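Next up, structure04.txt (compact mmCIF, C-alpha atoms):
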# COMPACT_ATOMS: atom_id res chain seq x y z
CA MET A 573 27.70 3.84 20.26
CA PHE A 574 25.31 1.61 18.37
CA VAL A 575 26.37 -1.58 16.62
CA VAL A 576 25.42 -3.03 13.25
CA GLY A 577 22.10 -4.85 13.50
CA GLU A 578 20.91 -2.88 16.53
CA ARG A 579 17.35 -1.57 16.43
CA ILE A 580 17.04 2.15 17.15
CA CYS A 581 14.41 4.85 17.30
CA TYR A 582 14.93 8.07 15.37
CA PRO A 583 12.60 11.04 15.99
CA MET A 584 9.94 11.63 13.35
CA HIS A 585 10.92 8.47 11.46
CA GLY A 586 10.45 5.71 14.01
CA VAL A 587 12.13 2.34 14.29
CA GLY A 588 15.13 1.48 12.22
CA VAL A 589 18.11 -0.84 12.10
CA VAL A 590 21.77 0.12 11.96
CA GLU A 591 22.73 -1.43 8.62
CA HIS A 592 26.34 -0.22 8.48
CA ILE A 593 28.78 2.12 10.15
CA GLU A 594 30.83 3.79 7.46
CA GLU A 595 33.50 6.41 7.22
CA LYS A 596 32.53 9.00 4.62
CA THR A 597 33.79 12.33 3.40
CA VAL A 598 31.01 14.91 3.41
CA LEU A 599 31.71 18.57 2.65
CA GLY A 600 35.43 17.84 2.88
CA GLU A 601 35.24 16.35 6.37
CA ILE A 602 35.81 12.69 7.19
CA ALA A 603 33.44 11.25 9.78
CA GLN A 604 31.78 8.01 10.76
CA TYR A 605 28.10 7.63 9.91
CA TYR A 606 25.37 5.25 10.94
CA ILE A 607 23.55 4.00 7.87
CA LEU A 608 19.99 3.37 9.05
CA ARG A 609 17.15 1.49 7.35
CA PHE A 610 13.70 2.27 8.68
CA ILE A 611 11.28 -0.60 9.11
CA SER A 612 7.98 1.10 8.33
CA ASN A 613 8.78 2.77 5.03
CA LYS A 614 12.04 1.24 3.73
CA MET A 615 13.68 4.67 3.86
CA THR A 616 17.38 4.96 4.68
CA ALA A 617 19.29 7.73 6.43
CA MET A 618 22.86 8.65 7.25
CA VAL A 619 23.47 10.02 10.75
CA PRO A 620 26.89 11.19 11.94
CA VAL A 621 28.02 9.01 14.86
CA ALA A 622 29.36 12.07 16.68
CA THR A 623 25.99 13.86 16.70
CA ALA A 624 23.62 10.90 16.91
CA GLN A 625 22.61 11.59 20.50
CA ASN A 626 22.06 15.30 19.77
CA VAL A 627 19.52 14.50 17.06
CA GLY A 628 17.64 12.08 19.32
CA LEU A 629 18.85 8.73 18.01
CA ARG A 630 18.30 6.26 20.86
CA PRO A 631 17.90 2.55 21.59
CA LEU A 632 14.39 1.10 21.61
CA ILE A 633 12.62 0.96 24.92
CA GLU A 634 12.77 -2.33 26.83
CA GLN A 635 9.89 -4.78 26.64
CA CYS A 636 9.01 -4.15 30.30
CA GLU A 637 8.49 -0.44 29.59
CA CYS A 638 5.82 -1.08 26.96
CA GLU A 639 3.15 -1.65 29.62
CA GLN A 640 4.09 1.64 31.30
CA VAL A 641 3.73 3.49 28.01
CA MET A 642 0.34 1.88 27.38
CA ALA A 643 -0.79 2.85 30.89
CA TYR A 644 0.45 6.41 30.25
CA LEU A 645 -1.78 6.58 27.16
CA LEU A 646 -4.80 5.94 29.40
CA GLU A 647 -3.96 8.76 31.82
CA THR A 648 -5.64 12.15 31.55
CA PRO A 649 -4.26 14.11 28.58
CA CYS A 650 -2.16 17.17 29.22
CA SER A 651 -3.57 20.66 29.09
CA GLU A 652 -2.77 22.29 25.78
CA SER A 653 -2.87 25.78 24.38
CA ASP A 654 -6.06 26.84 22.63
CA ASN A 655 -3.88 28.59 20.07
CA TRP A 656 -3.42 26.01 17.29
CA ASN A 657 -0.06 27.45 16.24
CA GLN A 658 1.41 27.20 19.75
CA ARG A 659 -0.10 23.74 20.22
CA TYR A 660 1.39 22.57 16.90
CA ARG A 661 4.85 23.90 17.84
CA ASP A 662 4.69 22.27 21.28
CA ASN A 663 3.65 18.91 19.83
CA PHE A 664 6.24 19.14 17.05
CA ALA A 665 8.96 19.76 19.66
CA LYS A 666 7.83 16.64 21.58
CA LEU A 667 8.02 14.53 18.41
CA LYS A 668 11.39 15.95 17.46
CA ARG A 669 12.88 15.08 20.87
CA GLY A 670 11.86 11.48 20.22
CA ASP A 671 11.15 10.48 23.82
CA ILE A 672 8.55 7.69 23.82
CA TYR A 673 6.46 9.46 26.47
CA GLY A 674 6.52 12.70 24.49
CA VAL A 675 5.28 10.82 21.42
CA ALA A 676 2.60 9.12 23.53
CA ASP A 677 1.62 12.53 24.92
CA VAL A 678 1.14 13.91 21.40
CA VAL A 679 -1.05 10.92 20.52
CA LYS A 680 -3.30 11.13 23.56
CA CYS A 681 -3.65 14.93 23.48
CA LEU A 682 -4.43 15.06 19.76
CA LYS A 683 -6.86 12.14 20.09
CA LYS A 684 -8.71 14.04 22.82
CA ARG A 685 -8.76 17.27 20.81
CA ASP A 686 -10.00 15.35 17.77
CA SER A 687 -12.90 13.87 19.71
CA ASP A 688 -13.73 17.22 21.40
CA LYS A 689 -13.25 19.80 18.65
CA GLY A 690 -11.67 18.17 15.60
CA LEU A 691 -8.18 18.64 14.18
CA SER A 692 -6.71 20.82 11.50
CA ALA A 693 -5.13 19.06 8.53
CA GLY A 694 -1.65 19.68 9.98
CA GLU A 695 -2.59 18.26 13.37
CA ARG A 696 -4.26 15.25 11.73
CA LYS A 697 -1.04 14.51 9.84
CA MET A 698 0.96 14.97 13.06
CA LEU A 699 -1.35 12.52 14.86
CA MET A 700 -0.85 9.95 12.10
CA THR A 701 2.94 10.35 12.27
CA ALA A 702 2.98 10.11 16.07
CA ARG A 703 0.78 6.99 16.02
CA GLN A 704 2.99 5.34 13.42
CA VAL A 705 6.17 6.03 15.41
CA LEU A 706 4.56 4.93 18.70
CA VAL A 707 3.03 1.73 17.33
CA ALA A 708 6.23 0.76 15.52
CA GLU A 709 8.33 1.09 18.65
CA LEU A 710 5.82 -0.66 20.92
CA SER A 711 5.50 -3.49 18.39
CA GLU A 712 9.25 -3.96 18.00
CA ALA A 713 9.97 -3.69 21.72
CA SER A 714 7.14 -5.96 22.88
CA GLY A 715 6.98 -8.42 20.00
CA GLN A 716 3.25 -7.75 19.65
CA ASP A 717 1.52 -7.41 16.30
CA ALA A 718 1.52 -3.82 15.04
CA GLY A 719 -2.08 -4.14 13.83
CA ALA A 720 -3.33 -5.11 17.28
CA LEU A 721 -1.40 -2.25 18.88
CA ARG A 722 -2.71 0.19 16.27
CA ASP A 723 -6.26 -0.75 17.27
CA ILE A 724 -5.45 -0.06 20.92
CA VAL A 725 -3.66 3.24 20.25
CA GLU A 726 -6.45 4.52 17.99
Take the structure in the file and give it back as structure tokens.
Amino acid sequence: MFVVGERICYPMHGVGVVEHIEEKTVLGEIAQYYILRFISNKMTAMVPVATAQNVGLRPLIEQCECEQVMAYLLETPCSESDNWNQRYRDNFAKLKRGDIYGVADVVKCLKKRDSDKGLSAGERKMLMTARQVLVAELSEASGQDAGALRDIVE
């Protein structure tokens, strides 16, 4: 269970802070909810405490893991399907899971495809989202400037 003030990572949205934990009635059912405020876009979200892990809500990585993630970005990109639809679904599934290495994998594979063959509009948007989520978490976890990390990740 997360506590108020704790920084978290939520798939597809990135780094946020647990602002409150509230009991609410939604569709006639009473449940506890995390009220999250996201750092990058000032958006808020309500996530049921009971299902938070199922939707990928997780603590930020530790500072020591940031170097491992950066090293992972330099490794050879994965092999991907030549079918854009399958590739898009595979990458979307990685982002939705929210694992930092899955997000990093999407970034490095789409960067390689962009330099080799170019990206569709959907894949370009996915790359931007993945970069934003990755840079935000690396910046928060390491204490490094997001702008400097963005330059490295791009």
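Compared by their closest atoms to Gln640 (chain A), and using all atoms listed in the file, the residues A:Ile611, A:Ala665, A:Ala702, A:Ile672 rank with A:Ile672 nearest.
The closest residue to Asn657 (chain A), picked from A:Lys680, A:Leu645, A:Asn626, A:Ser692 and counting all atoms listed in the file, is A:Ser692.
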Could you make a table, as a Markdown table, of the residues of region 669-694 of chain A that have an atom within 10 Å of an atom of region 714-725 of chain A, each with its nearest atom pair and distance in Å to one decimal, counting all atoms listed in the file, in chain and number order?
| residue | atom | partner | partner_atom | distance |
| --- | --- | --- | --- | --- |
| A:Ala676 | CA | A:Val725 | CA | 9.2 |
| A:Val679 | CA | A:Val725 | CA | 8.1 |
| A:Lys680 | CA | A:Val725 | CA | 8.6 |
| A:Lys683 | CA | A:Val725 | CA | 9.5 |
Around the point (10.9, 12.8, 20.7) in the file's coordinates, collect all residues with an atom within 12 Å, using only C-alpha atoms, and return them as a PyMOL selection string.
chain A and resi 581-586+625-630+662-678+701-702+705-706
Polymer residues at most 8 Å from His592 (chain A), all atoms listed in the file, same-chain spacing of 5 or more positions, as a PDB file with C-alpha atoms, in the frame of the given file:
ATOM      1  CA  VAL A 576      25.420  -3.030  13.250  1.00  0.00           C
ATOM      2  CA  TYR A 606      25.370   5.250  10.940  1.00  0.00           C
ATOM      3  CA  ILE A 607      23.550   4.000   7.870  1.00  0.00           C
ATOM      4  CA  LEU A 608      19.990   3.370   9.050  1.00  0.00           C
TER       5      LEU A 608
END
Nearest residue to Ala713 (chain A) from the set A:Cys638, A:Val590, A:Leu682, A:Leu646 (distances using only C-alpha atoms):
A:Cys638
For Pro631 (chain A), which residue out of A:Ile580, A:Ala693, A:Leu699, A:Ala708 is the nearest one, using only C-alpha atoms?
A:Ile580
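CA of Glu594 (chain A) lies 9.5 Å from CA of Val621 (chain A).
The space between CA of Lys697 (chain A) and CA of Glu647 (chain A) spans 22.9 Å.
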Figure out the distance between CA of Lys596 (chain A) and CA of Val575 (chain A), please, to one decimal in Å.
17.1 Å
Restricting the calculation to all atoms listed in the file, which member of A:Glu726, A:Gly600, A:Arg661, A:Ala617 is positioned closest to Glu695 (chain A)?
A:Arg661
Which residue out of A:Ala624, A:Val589, A:Leu632, A:Cys681 has the minimum interatomic distance to Glu652 (chain A) when only C-alpha atoms are used?
A:Cys681
